Amino acid sequence: MDTTSRLIMLLEVVEQGSFSKAAELRNIDRSVISKQVSKLEEDLGVRLLNRTTRSFSLTAAGAEMVKKATELRLLLQDTVQLAENYHQEPRGLLRITASSYIGKFYLMPVINDFQKRFPQVTIDLRHDDRVVDMVSEGFDLAFRIGEPRDSSLIARKIARNRMLILATKQFLEIYGEPKTMADLESLPAAAYSSSHIRFESISYIDEKGEPQEQPINPVFKSNDGEALVEKVLSHNAFMTAPAFFFAKPMEESDLVPILTDVNLPDYSAMYAVYPHRDLPVRTRLFLDAARHYIGDKTPIWERNIPNIERLYQQK
């Protein structure tokens, strides 16, 4: 018997309150338990228990060893659960929350493929732009733009999310092409706006490397990315947009990037958020599938924007 096994045995003696009850739990003789605890004390070189004929008490060292034994048992249980997950066929209910745009354009393709591979998994996808309470509302996964503020949740970065300034060719013919950031203030803009986020300026880095804010003139506001893009495609507004808004190739539209020499900081990245590190196999496999589909080094939305690696970057 190794030290780990003897530590777990010591923990059982303390939890059961006696050597006899610990022996009954394992269906072995009391003397075996006593000998193994004595061997543990010998190997560690410290007394763990003060024993009498009818009872025992923990020494200071024993109390510390029991704490470590508790942590060790939990770790062993987690390890066994993880191993079992790799051998189990995914099944059961997987509840996911995401904004409508992320859900529609980036999760539905993953969901459709995932359920073909694992038909015993039922998926409940809820579109919601508000920040949900994952634990109380029973969600397994959330996909969000921006790292969550709740430090009790686990957040895993999925992909970066660059910023763009866009207009249509017809818009530029009507209003003229802006030459500086200051020119944008006099032009009509479409801007994202929700209960907790409002875009009324554009953040950028000037030639001296200093952060700046350029006010804009939003004539149309919406919390829906598709609506904002549609407004810009009507040729009477420009927009500042995160790259993930482009789930389809930009070349299929009339949109063109403007002021491409300006250094725009990245927008908040996309994160997968979950309440516990020990993910059930269905959750873990779905998360892996989503990361593979979206791509971490080159996100799928960047593949839809020509020459994005040369746009809005510090020279």
# chains A, B, ... in the order shown; residues from 1 in each chain; ligands from 1
call {"tool": "select_by_dssp", "arguments": {"residues": "range 115-266 of chain A", "states": "alpha helix (DSSP H)", "output": "MDAnalysis selection string"}}
result
chainID A and resid 115:117 134:137 169:175 225:233
call {"tool": "residues_around", "arguments": {"residues": "Arg6 in chain A", "least_positions_apart": "3", "cutoff": "8 Å", "atoms": "only C-alpha atoms", "output": "number ranges by chain"}}
result
A: 1-3, 9-10, 36-37, 40
call {"tool": "residues_around", "arguments": {"residues": "Asp140 in chain A", "least_positions_apart": "4", "cutoff": "12 Å", "atoms": "only C-alpha atoms", "output": "PyMOL selection string"}}
result
chain A and resi 92-98+123-126+132-136+153-154+272-284+286-287
call {"tool": "closest_residue", "arguments": {"among": "A:Glu147, A:Asp43, A:Asp254, A:Asp296", "to": "Ala159 in chain A", "atoms": "only C-alpha atoms"}}
result
A:Asp296
call {"tool": "residues_around", "arguments": {"residues": "range 45-51 of chain A", "least_positions_apart": "3", "cutoff": "10 Å", "atoms": "only C-alpha atoms", "output": "JSON, numbers by chain"}}
result
{"A": [10, 14, 37, 38, 39, 40, 41, 42, 54, 55, 56, 57, 58, 59, 60, 61, 62, 63, 64, 65, 66]}
call {"tool": "residues_around", "arguments": {"residues": "Lys297 in chain A", "least_positions_apart": "2", "cutoff": "9 Å", "atoms": "only C-alpha atoms", "output": "VMD selection string"}}
result
chain A and resid 159 to 160 295 299
call {"tool": "residues_around", "arguments": {"residues": "Ser194 in chain A", "least_positions_apart": "2", "cutoff": "6 Å", "atoms": "only C-alpha atoms", "output": "MDAnalysis selection string"}}
result
chainID A and resid 196:197 223
call {"tool": "residues_around", "arguments": {"residues": "Gly225 in chain A", "least_positions_apart": "5", "cutoff": "10 Å", "atoms": "only C-alpha atoms", "output": "PyMOL selection string"}}
result
chain A and resi 100-102+191-192+230-231+241-242+244-246
call {"tool": "write_last_selection", "arguments": {"atoms": "all heavy atoms", "output": "tab-separated table (two decimals), in the first residue's frame"}}
result
chain	number	residue	atom	x	y	z
A	100	SER	N	-28.07	36.68	-30.16
A	100	SER	CA	-28.74	36.14	-31.35
A	100	SER	C	-27.80	36.05	-32.53
A	100	SER	O	-27.85	35.09	-33.31
A	100	SER	CB	-29.96	36.99	-31.70
A	100	SER	OG	-29.58	38.33	-31.93
A	101	TYR	N	-26.90	37.02	-32.67
A	101	TYR	CA	-25.99	37.02	-33.82
A	101	TYR	C	-25.00	35.86	-33.73
A	101	TYR	O	-24.80	35.11	-34.69
A	101	TYR	CB	-25.23	38.35	-33.89
A	101	TYR	CG	-24.66	38.63	-35.26
A	101	TYR	CD1	-25.40	39.31	-36.22
A	101	TYR	CD2	-23.38	38.19	-35.61
A	101	TYR	CE1	-24.88	39.56	-37.49
A	101	TYR	CE2	-22.86	38.43	-36.87
A	101	TYR	CZ	-23.62	39.13	-37.80
A	101	TYR	OH	-23.10	39.35	-39.06
A	102	ILE	N	-24.40	35.69	-32.56
A	102	ILE	CA	-23.46	34.57	-32.37
A	102	ILE	C	-24.17	33.24	-32.55
A	102	ILE	O	-23.66	32.34	-33.22
A	102	ILE	CB	-22.81	34.65	-30.98
A	102	ILE	CG1	-21.89	35.88	-30.89
A	102	ILE	CG2	-22.02	33.38	-30.67
A	102	ILE	CD1	-21.33	36.11	-29.50
A	191	ALA	N	-24.83	52.92	-35.26
A	191	ALA	CA	-24.05	52.54	-34.09
A	191	ALA	C	-24.79	51.52	-33.24
A	191	ALA	O	-26.02	51.57	-33.11
A	191	ALA	CB	-23.73	53.78	-33.24
A	192	TYR	N	-24.01	50.62	-32.65
A	192	TYR	CA	-24.58	49.62	-31.74
A	192	TYR	C	-24.99	50.30	-30.44
A	192	TYR	O	-24.28	51.14	-29.89
A	192	TYR	CB	-23.56	48.52	-31.44
A	192	TYR	CG	-24.11	47.41	-30.58
A	192	TYR	CD1	-24.76	46.33	-31.17
A	192	TYR	CD2	-24.01	47.45	-29.19
A	192	TYR	CE1	-25.28	45.30	-30.39
A	192	TYR	CE2	-24.54	46.44	-28.41
A	192	TYR	CZ	-25.17	45.36	-29.01
A	192	TYR	OH	-25.70	44.37	-28.25
A	230	GLU	N	-27.52	46.28	-42.47
A	230	GLU	CA	-28.55	46.64	-43.45
A	230	GLU	C	-28.69	48.15	-43.59
A	230	GLU	O	-28.90	48.67	-44.69
A	230	GLU	CB	-29.90	46.02	-43.05
A	230	GLU	CG	-29.99	44.53	-43.29
A	230	GLU	CD	-29.79	44.17	-44.76
A	230	GLU	OE1	-30.38	44.86	-45.62
A	230	GLU	OE2	-29.03	43.23	-45.03
A	231	LYS	N	-28.57	48.85	-42.48
A	231	LYS	CA	-28.64	50.32	-42.54
A	231	LYS	C	-27.50	50.88	-43.37
A	231	LYS	O	-27.69	51.77	-44.21
A	231	LYS	CB	-28.60	50.89	-41.12
A	231	LYS	CG	-28.66	52.43	-41.07
A	231	LYS	CD	-29.96	52.95	-41.66
A	231	LYS	CE	-30.03	54.48	-41.58
A	231	LYS	NZ	-31.26	55.00	-42.22
A	241	ALA	N	-17.59	48.69	-36.80
A	241	ALA	CA	-18.13	47.36	-36.50
A	241	ALA	C	-17.03	46.40	-36.11
A	241	ALA	O	-15.94	46.43	-36.69
A	241	ALA	CB	-18.88	46.81	-37.71
A	242	PRO	N	-17.28	45.53	-35.13
A	242	PRO	CA	-16.35	44.43	-34.85
A	242	PRO	C	-16.39	43.42	-35.99
A	242	PRO	O	-17.42	43.23	-36.64
A	242	PRO	CB	-16.88	43.84	-33.55
A	242	PRO	CG	-18.32	44.22	-33.50
A	242	PRO	CD	-18.44	45.53	-34.21
A	244	PHE	N	-16.56	40.31	-36.13
A	244	PHE	CA	-17.43	39.13	-36.06
A	244	PHE	C	-18.81	39.40	-36.66
A	244	PHE	O	-19.59	38.47	-36.87
A	244	PHE	CB	-17.54	38.62	-34.62
A	244	PHE	CG	-18.66	39.22	-33.80
A	244	PHE	CD1	-19.82	38.51	-33.56
A	244	PHE	CD2	-18.53	40.49	-33.25
A	244	PHE	CE1	-20.85	39.05	-32.81
A	244	PHE	CE2	-19.54	41.03	-32.48
A	244	PHE	CZ	-20.71	40.32	-32.26
A	245	PHE	N	-19.14	40.68	-36.95
A	245	PHE	CA	-20.39	40.99	-37.63
A	245	PHE	C	-20.43	40.42	-39.04
A	245	PHE	O	-21.50	40.36	-39.65
A	245	PHE	CB	-20.59	42.50	-37.71
A	245	PHE	CG	-21.25	43.11	-36.50
A	245	PHE	CD1	-21.52	42.37	-35.36
A	245	PHE	CD2	-21.61	44.45	-36.49
A	245	PHE	CE1	-22.12	42.93	-34.25
A	245	PHE	CE2	-22.23	45.03	-35.38
A	245	PHE	CZ	-22.48	44.27	-34.26
A	246	PHE	N	-19.28	39.97	-39.54
A	246	PHE	CA	-19.23	39.56	-40.95
A	246	PHE	C	-19.10	38.04	-41.06
A	246	PHE	O	-18.02	37.49	-41.22
A	246	PHE	CB	-18.11	40.31	-41.67
A	246	PHE	CG	-18.39	41.78	-41.67
A	246	PHE	CD1	-17.90	42.59	-40.67
A	246	PHE	CD2	-19.26	42.31	-42.60
A	246	PHE	CE1	-18.23	43.93	-40.61
A	246	PHE	CE2	-19.59	43.66	-42.56
A	246	PHE	CZ	-19.08	44.47	-41.56
